[in-house]
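Participant: So that you have it, the file is entry19.txt, and it contains compact mmCIF, C-alpha atoms:
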```txt
# COMPACT_ATOMS: atom_id res chain seq x y z
CA MET A 1 -98.35 -107.53 -157.94
CA LEU A 2 -101.27 -105.97 -156.04
CA ARG A 3 -102.32 -109.39 -154.76
CA ARG A 4 -98.80 -110.04 -153.43
CA LEU A 5 -98.72 -106.66 -151.73
CA LYS A 6 -102.08 -107.28 -150.04
CA ARG A 7 -100.93 -110.68 -148.85
CA PHE A 8 -97.68 -109.22 -147.48
CA VAL A 9 -99.60 -106.51 -145.60
CA ARG A 10 -102.01 -109.09 -144.18
CA TYR A 11 -99.19 -111.35 -143.00
CA SER A 12 -97.26 -108.41 -141.56
CA ILE A 13 -100.29 -107.35 -139.51
CA ASN A 14 -100.57 -110.90 -138.19
CA ALA A 15 -96.87 -110.86 -137.27
CA ALA A 16 -97.42 -107.68 -135.24
CA LEU A 17 -100.44 -109.27 -133.56
CA LEU A 18 -98.36 -112.33 -132.70
CA VAL A 19 -95.80 -110.14 -130.92
CA VAL A 20 -98.61 -108.54 -128.90
CA ALA A 21 -100.09 -111.94 -128.02
CA PHE A 22 -96.69 -113.37 -127.02
CA ILE A 23 -95.97 -110.44 -124.70
CA ARG A 24 -99.46 -110.59 -123.22
CA TYR A 25 -99.11 -114.31 -122.56
CA GLY A 26 -95.76 -113.76 -120.86
CA ILE A 27 -97.24 -111.10 -118.56
CA ALA A 28 -100.77 -112.37 -117.89
CA GLY A 29 -100.77 -115.99 -119.06
CA LYS A 30 -103.69 -115.30 -121.41
CA MET A 31 -103.99 -115.39 -125.20
CA PRO A 32 -106.43 -113.53 -127.49
CA SER A 33 -108.73 -115.77 -129.53
CA TRP A 34 -106.87 -114.91 -132.74
CA THR A 35 -103.46 -116.06 -131.42
CA GLY A 36 -103.50 -119.43 -133.22
CA ARG A 37 -104.29 -117.87 -136.59
CA ALA A 38 -101.60 -115.19 -136.20
CA HIS A 39 -99.11 -117.85 -135.12
CA ILE A 40 -99.63 -120.00 -138.22
CA MET A 41 -99.63 -117.08 -140.67
CA THR A 42 -96.44 -115.63 -139.20
CA PHE A 43 -94.78 -119.05 -139.25
CA CYS A 44 -95.59 -119.32 -142.97
CA LEU A 45 -94.42 -115.75 -143.67
CA THR A 46 -91.05 -116.23 -141.92
CA SER A 47 -90.58 -119.90 -142.91
CA GLY A 48 -90.44 -120.83 -139.23
CA ARG A 49 -88.01 -118.19 -138.01
CA SER A 50 -90.65 -116.53 -135.81
CA ASN A 51 -90.87 -119.76 -133.81
CA ASP A 52 -87.08 -119.90 -133.52
CA LEU A 53 -86.98 -116.37 -132.09
CA MET A 54 -89.72 -117.05 -129.54
CA SER A 55 -88.02 -120.30 -128.54
CA TRP A 56 -84.70 -118.50 -127.98
CA ILE A 57 -86.45 -115.94 -125.74
CA LEU A 58 -88.07 -118.75 -123.74
CA SER A 59 -84.67 -120.43 -123.24
CA LEU A 60 -83.42 -117.22 -121.59
CA ILE A 61 -86.46 -116.91 -119.32
CA TYR A 62 -86.77 -120.62 -118.43
CA PRO A 63 -83.27 -122.15 -118.60
CA SER A 64 -82.78 -125.88 -118.10
CA ARG A 65 -83.00 -127.20 -114.54
CA LYS A 66 -82.30 -130.51 -112.84
CA ILE A 67 -85.09 -133.08 -113.15
CA ASP A 68 -85.14 -134.44 -109.62
CA PHE A 69 -87.23 -137.61 -109.80
CA GLU A 70 -86.19 -141.13 -110.78
CA SER A 71 -87.00 -143.14 -113.89
CA THR A 72 -89.53 -145.91 -113.27
CA VAL A 73 -90.09 -147.14 -116.85
CA LEU A 74 -87.03 -146.37 -118.98
CA ALA A 75 -83.34 -146.53 -118.20
CA PRO A 76 -81.78 -143.08 -117.74
CA LEU A 77 -79.49 -141.79 -120.49
CA SER A 78 -75.87 -140.85 -119.89
CA PRO A 79 -74.85 -137.27 -120.78
CA GLU A 80 -73.22 -138.62 -123.95
CA GLN A 81 -76.36 -140.54 -124.95
CA LEU A 82 -78.53 -137.50 -124.24
CA ASN A 83 -76.34 -135.31 -126.44
CA GLN A 84 -76.48 -137.88 -129.23
CA VAL A 85 -80.29 -138.03 -129.11
CA SER A 86 -80.53 -134.23 -129.10
CA ASP A 87 -78.12 -133.96 -132.04
CA GLU A 88 -80.21 -136.44 -134.05
CA LEU A 89 -83.35 -134.43 -133.33
CA ASP A 90 -81.59 -131.21 -134.35
CA LYS A 91 -80.40 -132.72 -137.62
CA ASN A 92 -83.26 -134.98 -138.71
CA GLY A 93 -86.25 -134.00 -136.58
CA TYR A 94 -86.78 -137.51 -135.20
CA VAL A 95 -85.14 -140.27 -133.20
CA ILE A 96 -86.09 -143.85 -132.31
CA LEU A 97 -84.98 -144.79 -128.81
CA ASP A 98 -82.86 -147.89 -128.39
CA GLN A 99 -85.06 -149.07 -125.53
CA ARG A 100 -88.71 -150.06 -125.82
CA LEU A 101 -91.70 -149.95 -123.53
CA PRO A 102 -91.77 -153.15 -121.41
CA GLU A 103 -94.00 -155.95 -122.76
CA GLU A 104 -96.13 -156.13 -119.61
CA MET A 105 -96.82 -152.39 -119.83
CA CYS A 106 -97.85 -152.77 -123.48
CA ASP A 107 -100.21 -155.58 -122.42
CA ARG A 108 -101.89 -153.44 -119.76
CA LEU A 109 -102.32 -150.50 -122.13
CA MET A 110 -103.70 -152.82 -124.81
CA ASN A 111 -106.26 -154.20 -122.34
CA PHE A 112 -107.28 -150.63 -121.52
CA ALA A 113 -107.73 -149.84 -125.22
CA LEU A 114 -109.90 -152.92 -125.82
CA THR A 115 -112.27 -152.21 -122.92
CA GLN A 116 -112.44 -148.40 -122.67
CA GLU A 117 -115.11 -146.49 -124.59
CA ALA A 118 -113.74 -144.18 -127.29
CA VAL A 119 -115.03 -141.44 -129.59
CA LEU A 120 -115.43 -142.46 -133.23
CA ARG A 121 -113.76 -139.69 -135.24
CA GLN A 122 -115.63 -138.21 -138.18
CA THR A 123 -114.22 -138.70 -141.67
CA ASP A 124 -113.89 -136.43 -144.70
CA GLU A 125 -117.32 -137.62 -145.90
CA ILE A 126 -119.19 -138.61 -142.71
CA HIS A 127 -120.23 -136.05 -140.08
CA ASP A 128 -122.71 -137.72 -137.73
CA GLY A 129 -121.92 -135.77 -134.58
CA ARG A 130 -120.47 -137.39 -131.46
CA VAL A 131 -120.59 -141.19 -131.51
CA THR A 132 -118.88 -143.40 -128.91
CA GLY A 133 -118.18 -147.10 -128.59
CA VAL A 134 -115.72 -149.80 -127.54
CA TYR A 135 -113.41 -150.84 -130.36
CA ASN A 136 -114.12 -154.31 -131.78
CA PRO A 137 -111.22 -155.51 -133.98
CA GLU A 138 -113.63 -157.79 -135.84
CA ASP A 139 -116.09 -155.01 -136.68
CA PRO A 140 -114.59 -151.49 -136.88
CA LYS A 141 -117.09 -148.64 -137.30
CA ALA A 142 -114.70 -145.73 -137.97
CA VAL A 143 -111.22 -144.89 -139.26
CA ILE A 144 -110.13 -143.59 -135.85
CA TYR A 145 -111.22 -144.38 -132.29
CA ASP A 146 -110.05 -141.55 -129.99
CA PHE A 147 -109.90 -142.06 -126.24
CA GLU A 148 -111.00 -139.23 -123.96
CA LYS A 149 -108.02 -137.43 -122.43
CA GLU A 150 -109.28 -137.69 -118.85
CA ALA A 151 -109.73 -141.46 -119.25
CA ILE A 152 -106.18 -141.83 -120.61
CA LEU A 153 -104.73 -139.68 -117.84
CA ALA A 154 -106.45 -141.72 -115.11
CA ASN A 155 -104.46 -144.77 -116.26
CA PRO A 156 -101.50 -145.44 -113.91
CA GLU A 157 -99.28 -146.58 -116.79
CA VAL A 158 -99.86 -143.28 -118.57
CA GLN A 159 -99.17 -141.29 -115.41
CA ALA A 160 -95.85 -143.10 -115.01
CA LEU A 161 -94.88 -142.24 -118.59
CA LEU A 162 -96.05 -138.65 -118.20
CA MET A 163 -93.43 -138.02 -115.52
CA GLU A 164 -90.74 -140.27 -117.06
CA PRO A 165 -87.54 -138.21 -116.58
CA THR A 166 -85.75 -139.88 -119.50
CA LEU A 167 -88.34 -138.43 -121.91
CA LEU A 168 -88.45 -135.06 -120.12
CA SER A 169 -84.63 -134.87 -120.19
CA ILE A 170 -84.61 -135.43 -123.95
CA ALA A 171 -87.14 -132.62 -124.40
CA GLN A 172 -85.18 -130.26 -122.14
CA SER A 173 -81.96 -130.96 -124.04
CA TYR A 174 -83.67 -130.31 -127.38
CA PHE A 175 -85.49 -127.14 -126.26
CA ARG A 176 -82.49 -125.74 -124.34
CA SER A 177 -85.12 -124.79 -121.75
CA GLN A 178 -87.52 -126.34 -119.24
CA PRO A 179 -90.07 -128.73 -120.78
CA ILE A 180 -93.80 -128.79 -120.12
CA ALA A 181 -95.83 -132.01 -120.28
CA ASP A 182 -98.53 -130.74 -122.59
CA MET A 183 -101.33 -132.64 -124.35
CA LEU A 184 -101.64 -136.33 -125.08
CA SER A 185 -103.80 -138.71 -127.07
CA MET A 186 -104.35 -142.41 -127.66
CA TRP A 187 -106.18 -143.90 -130.59
CA TRP A 188 -106.92 -146.91 -132.74
CA SER A 189 -106.45 -146.57 -136.51
CA THR A 190 -108.36 -149.07 -138.65
CA ALA A 191 -108.77 -150.16 -142.27
CA PHE A 192 -112.38 -148.89 -142.23
CA LYS A 193 -111.91 -146.78 -145.39
CA ALA A 194 -110.43 -147.75 -148.74
CA LYS A 195 -108.52 -144.46 -149.14
CA ALA A 196 -106.54 -141.97 -147.05
CA ASP A 197 -108.57 -139.64 -144.84
CA GLY A 198 -107.57 -136.05 -144.06
CA GLU A 199 -109.47 -136.00 -140.75
CA ALA A 200 -107.40 -139.02 -139.68
CA ALA A 201 -104.12 -137.16 -140.47
CA GLN A 202 -103.39 -139.65 -143.27
CA MET A 203 -102.15 -136.88 -145.57
CA TYR A 204 -98.92 -134.91 -145.14
CA HIS A 205 -99.08 -131.83 -142.92
CA PHE A 206 -97.10 -129.94 -140.29
CA ASP A 207 -98.31 -129.25 -136.75
CA MET A 208 -98.32 -125.76 -135.28
CA ASP A 209 -99.77 -125.92 -131.77
CA ARG A 210 -96.91 -124.43 -129.77
CA VAL A 211 -93.59 -122.56 -130.09
CA LYS A 212 -91.36 -125.64 -129.94
CA TRP A 213 -92.41 -129.16 -129.05
CA LEU A 214 -91.75 -132.85 -129.38
CA LYS A 215 -94.25 -135.64 -129.80
CA VAL A 216 -93.54 -139.07 -128.37
CA PHE A 217 -95.24 -141.85 -130.35
CA VAL A 218 -95.44 -145.18 -128.54
CA TYR A 219 -96.34 -148.10 -130.81
CA LEU A 220 -98.63 -150.42 -128.84
CA THR A 221 -99.11 -152.82 -131.75
CA ASP A 222 -96.66 -154.11 -134.34
CA VAL A 223 -96.65 -151.66 -137.25
CA GLU A 224 -95.89 -153.01 -140.71
CA LYS A 225 -96.24 -151.59 -144.22
CA GLU A 226 -99.94 -152.45 -144.56
CA ASN A 227 -101.23 -151.35 -141.17
CA GLY A 228 -100.27 -147.71 -140.88
CA PRO A 229 -96.56 -146.85 -140.63
CA HIS A 230 -95.74 -143.27 -139.72
CA PHE A 231 -93.97 -141.17 -142.37
CA PHE A 232 -91.72 -138.15 -141.81
CA VAL A 233 -89.75 -135.95 -144.20
CA ALA A 234 -86.36 -135.71 -142.50
CA GLY A 235 -85.02 -132.21 -141.92
CA THR A 236 -88.26 -130.35 -142.68
CA HIS A 237 -88.56 -129.28 -139.02
CA ARG A 238 -85.82 -126.70 -139.62
CA SER A 239 -86.56 -123.14 -140.69
CA GLY A 240 -86.32 -122.44 -144.40
CA THR A 241 -86.81 -126.07 -145.49
CA LEU A 242 -90.46 -125.84 -146.54
CA PRO A 243 -90.95 -124.49 -150.09
CA ARG A 244 -92.78 -121.19 -150.45
CA GLU A 245 -95.29 -122.86 -152.72
CA LEU A 246 -96.34 -125.19 -149.90
CA LEU A 247 -96.26 -122.52 -147.19
CA ALA A 248 -98.52 -120.35 -149.34
CA ARG A 249 -101.25 -122.96 -148.81
CA GLY A 250 -101.13 -122.37 -145.07
CA TYR A 251 -102.24 -125.08 -142.67
CA ALA A 252 -103.31 -127.49 -145.42
CA ARG A 253 -103.17 -131.24 -146.05
CA LEU A 254 -100.74 -132.24 -148.79
CA GLU A 255 -100.83 -135.10 -151.27
CA ASP A 256 -97.94 -137.54 -151.70
CA GLU A 257 -97.33 -135.93 -155.12
CA ASP A 258 -96.68 -132.56 -153.44
CA ILE A 259 -93.98 -134.11 -151.26
CA ALA A 260 -92.39 -136.06 -154.13
CA LYS A 261 -92.12 -132.84 -156.12
CA TYR A 262 -89.84 -131.17 -153.57
CA TYR A 263 -88.10 -133.95 -151.63
CA PRO A 264 -86.07 -136.97 -152.82
CA PRO A 265 -87.22 -140.47 -151.76
CA GLU A 266 -84.23 -140.95 -149.43
CA GLN A 267 -85.39 -137.99 -147.31
CA ILE A 268 -88.78 -139.60 -146.63
CA ARG A 269 -88.64 -141.93 -143.62
CA GLU A 270 -91.09 -144.79 -143.11
CA PHE A 271 -91.35 -146.10 -139.55
CA THR A 272 -92.34 -149.75 -139.43
CA ALA A 273 -91.50 -151.18 -136.01
CA PRO A 274 -92.53 -153.70 -133.35
CA ARG A 275 -94.80 -152.80 -130.48
CA GLY A 276 -93.14 -150.96 -127.63
CA THR A 277 -91.11 -148.81 -130.04
CA ILE A 278 -90.73 -145.18 -128.93
CA LEU A 279 -90.44 -142.63 -131.73
CA ILE A 280 -89.74 -139.01 -130.76
CA GLU A 281 -90.40 -136.39 -133.40
CA ASP A 282 -90.56 -132.64 -133.96
CA THR A 283 -93.84 -132.62 -135.88
CA ARG A 284 -93.20 -129.14 -137.15
CA GLY A 285 -91.70 -131.24 -139.92
CA LEU A 286 -93.91 -132.73 -142.63
CA HIS A 287 -95.44 -136.04 -141.58
CA LYS A 288 -98.45 -138.33 -141.91
CA GLY A 289 -99.85 -141.63 -140.71
CA GLN A 290 -100.16 -144.04 -143.63
CA HIS A 291 -103.62 -145.24 -144.64
CA LEU A 292 -104.24 -148.77 -143.34
CA GLN A 293 -104.88 -151.50 -145.87
CA ARG A 294 -105.55 -154.15 -143.26
CA GLY A 295 -105.62 -154.74 -139.51
CA HIS A 296 -105.28 -151.93 -136.99
CA ARG A 297 -102.75 -149.80 -135.15
CA LEU A 298 -102.76 -148.54 -131.55
CA ILE A 299 -100.71 -145.43 -130.67
CA LEU A 300 -100.13 -143.59 -127.40
CA GLN A 301 -98.84 -140.07 -127.99
CA PHE A 302 -97.40 -137.53 -125.56
CA GLN A 303 -96.44 -133.95 -126.32
CA MET A 304 -93.79 -131.93 -124.51
CA SER A 305 -93.44 -128.20 -125.23
CA ASN A 306 -91.31 -125.27 -124.11
CA SER A 307 -94.45 -123.13 -123.60
CA CYS A 308 -98.23 -123.47 -123.79
CA PHE A 309 -98.36 -120.39 -126.03
CA GLY A 310 -100.03 -120.99 -129.39
CA GLY A 311 -103.23 -122.75 -130.25
CA GLU A 312 -105.55 -122.51 -127.27
CA THR A 313 -106.68 -125.93 -126.06
CA PRO A 314 -108.50 -126.69 -122.79
CA LYS A 315 -106.30 -128.30 -120.16
CA ALA A 316 -107.06 -131.95 -119.52
CA VAL A 317 -107.61 -133.02 -115.90
CA ILE A 318 -105.37 -135.57 -114.19
CA THR A 319 -107.06 -137.28 -111.26
CA THR A 320 -104.56 -138.74 -108.80
CA SER A 321 -104.02 -139.11 -105.06
CA LYS A 322 -102.45 -136.27 -103.11
CA ASN A 323 -99.32 -138.29 -102.29
CA SER A 324 -98.89 -140.05 -105.64
CA PRO A 325 -95.46 -139.75 -107.32
CA LEU A 326 -97.01 -137.59 -110.05
CA ALA A 327 -98.61 -135.17 -107.55
CA GLN A 328 -95.35 -134.89 -105.62
CA ALA A 329 -93.38 -134.25 -108.82
CA ALA A 330 -95.90 -131.60 -109.91
CA ARG A 331 -95.61 -129.78 -106.58
CA ARG A 332 -91.83 -129.63 -106.95
CA ASN A 333 -91.96 -128.75 -110.65
CA PRO A 334 -95.17 -126.72 -111.19
CA ARG A 335 -94.23 -125.37 -114.60
CA MET A 336 -93.26 -128.80 -115.90
CA PHE A 337 -96.82 -130.05 -115.43
CA SER A 338 -98.67 -126.78 -116.09
CA GLY A 339 -100.08 -128.19 -119.34
CA TYR A 340 -102.57 -130.15 -117.23
CA THR A 341 -104.89 -129.50 -114.31
CA LEU A 342 -104.08 -131.76 -111.37
CA LYS A 343 -107.03 -132.94 -109.25
CA THR A 344 -106.06 -134.68 -106.03
```
Would you kindly transcribe this structure into structure tokens?
Facilitator:
Amino acid sequence: MLRRLKRFVRYSINAALLVVAFIRYGIAGKMPSWTGRAHIMTFCLTSGRSNDLMSWILSLIYPSRKIDFESTVLAPLSPEQLNQVSDELDKNGYVILDQRLPEEMCDRLMNFALTQEAVLRQTDEIHDGRVTGVYNPEDPKAVIYDFEKEAILANPEVQALLMEPTLLSIAQSYFRSQPIADMLSMWWSTAFKAKADGEAAQMYHFDMDRVKWLKVFVYLTDVEKENGPHFFVAGTHRSGTLPRELLARGYARLEDEDIAKYYPPEQIREFTAPRGTILIEDTRGLHKGQHLQRGHRLILQFQMSNSCFGGETPKAVITTSKNSPLAQAARRNPRMFSGYTLKT
């Protein structure tokens, strides 16, 4: 009983701190160093309802606005299609778009990934400091090869996707408020290890970087059962759907057995798909990337949020010309691209 009381007091203090941090961020745009910790603990205490409240407040302050630039990669969605996508995200926490990334764009991004130096991510057992290298499919040296954000953002294909209004419109419809292009990554996953690796996000977990967000996963290689399909527990992005026993562990990695204990097999989605597939997901829900048994997988991932409040991460720099479409869009929509620093 005493232990429960102490835990309740500790979580309540963190909830109060979160309120202070949220107000301070709204006024000054700055967050205390303990914001991320308070955010996660309050999320666990309220089973996600604290995020819902902050998101509702943000929708009042930053209501939806017209996205005034044209699609260059994907076909725009009709109002009916946009509502359908948003409804699927509300209900299940994920949606696979009917349209794919064009083949020629996949080819150019693949060429980038086979020639650009990447950072070899450490594993659960190996911590050798920072090691870089170009990925060789015939001789992988790590489970994950992460590309530097600035290198990804300098790629013209990535810049085109970053300002793709079809994706931004989906985020705005789901948030009920203005979206912010916020954080991205691109990485190779390999069959370097014989078992799942927590550092490689190959165990179930939920993300908690922002108030409300969507991640866009672009498959740049064919993904089959043996080379790393993404898994998601449908519906677990909604408040009150994570068991107290799991929330009590905090921001922890979970075994498959933990998921099987609380969720039926039909609720667990496995995403095998051809290259070019675009999967959009609220990763507040439980998810993982499956351990690879053979081959490799290349993913490009964008994040769109309704605020940059939450875990403090340094802004990546986008280098582009002063009159590029991205720079012009950013000047007209400064908040929409405030997750990055534009260098022209």
Participant: Pick the closest to Ser33 of chain A from A:Glu226, A:Gly250, A:Gly311, A:Met163: which is it, counting all atoms listed in the file?
Facilitator: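 Checking each candidate against Ser33 of chain A, we get A:Gly311 as the closest.
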Participant: Applying 8 Å and all atoms listed in the file, which residues near Glu157 of chain A remain after dropping the ones on its own chain fewer than 2 positions away? List them as a list in words.
Facilitator: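 The filter keeps Met105, Arg108, Leu109, Asn155, Gln159, Ala160 and Leu161 of chain A.
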Participant: Which residues are near Ile152 of chain A? Cut-off 8 Å, all atoms listed in the file, ignore same chain within fewer than 4 positions. Put them as a PyMOL selection string.
Facilitator: chain A and resi 147-148+158+185-186
Participant: So, counting only C-alpha atoms, which residue among A:Met336, A:Leu89, A:Tyr94, A:Leu58 is closest to Tyr25 of chain A?
Facilitator: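 Checking each of A:Met336, A:Leu89, A:Tyr94, A:Leu58 against Tyr25 of chain A, counting only C-alpha atoms, the winner is A:Leu58.
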Participant: Given the choices A:Gln81, A:Thr319, A:Gln328, A:Thr283, which gets closest to Thr166 of chain A if the distance is worked out from only C-alpha atoms?
Facilitator: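 Of A:Gln81, A:Thr319, A:Gln328, A:Thr283, the one nearest Thr166 of chain A, counting only C-alpha atoms, is A:Gln81.
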Participant: Of the candidates A:Ile170, A:Ala330, A:Ile268, A:Val143, which shows the shortest atom-to-atom distance to Gly295 of chain A, using only C-alpha atoms?
Facilitator: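 For Gly295 of chain A, the nearest of the given residues is A:Val143.
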Participant: Mind checking which residues fall within 8 Å of Ile299 of chain A, counting only C-alpha atoms, ignoring those fewer than 2 positions away in the same chain, and posting them as a list in words?
Facilitator: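 Neighbouring residues, sequence-local ones excluded: Met186, Trp187, Trp188, Phe217, Val218, Tyr219, Leu220, Thr221, Arg297 and Gln301 of chain A.
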Participant: Go through A:Lys30, A:Arg7, A:Arg284, A:Arg335 one by one, measure the shortest atom-to-atom distance of each to Asp209 of chain A using only C-alpha atoms, and give the residue with the smallest value.
Facilitator: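 Ranking A:Lys30, A:Arg7, A:Arg284, A:Arg335 by distance to Asp209 of chain A, first place goes to A:Arg284.
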Participant: Report the distance between atom CA of Thr320 of chain A and atom CA of Pro165 of chain A in Å, rounded to one decimal place.
Facilitator: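 Atom CA of Pro165 of chain A lies at a distance of 18.7 Å from atom CA of Thr320 of chain A.
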Participant: If you measure from atom CA of Pro156 of chain A to atom CA of Arg332 of chain A, what distance in Å do you get, rounded to one decimal?
Facilitator: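 Straight-line distance from atom CA of Pro156 of chain A to atom CA of Arg332 of chain A works out to 19.8 Å.
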Participant: In terms of the shortest atom-to-atom distance over all atoms listed in the file, which of A:Ser50, A:Pro76, A:Gly235, A:Lys6 is closest to Pro264 of chain A?
Facilitator: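 Between A:Ser50, A:Pro76, A:Gly235, A:Lys6, the residue approaching Pro264 of chain A most closely is A:Gly235.
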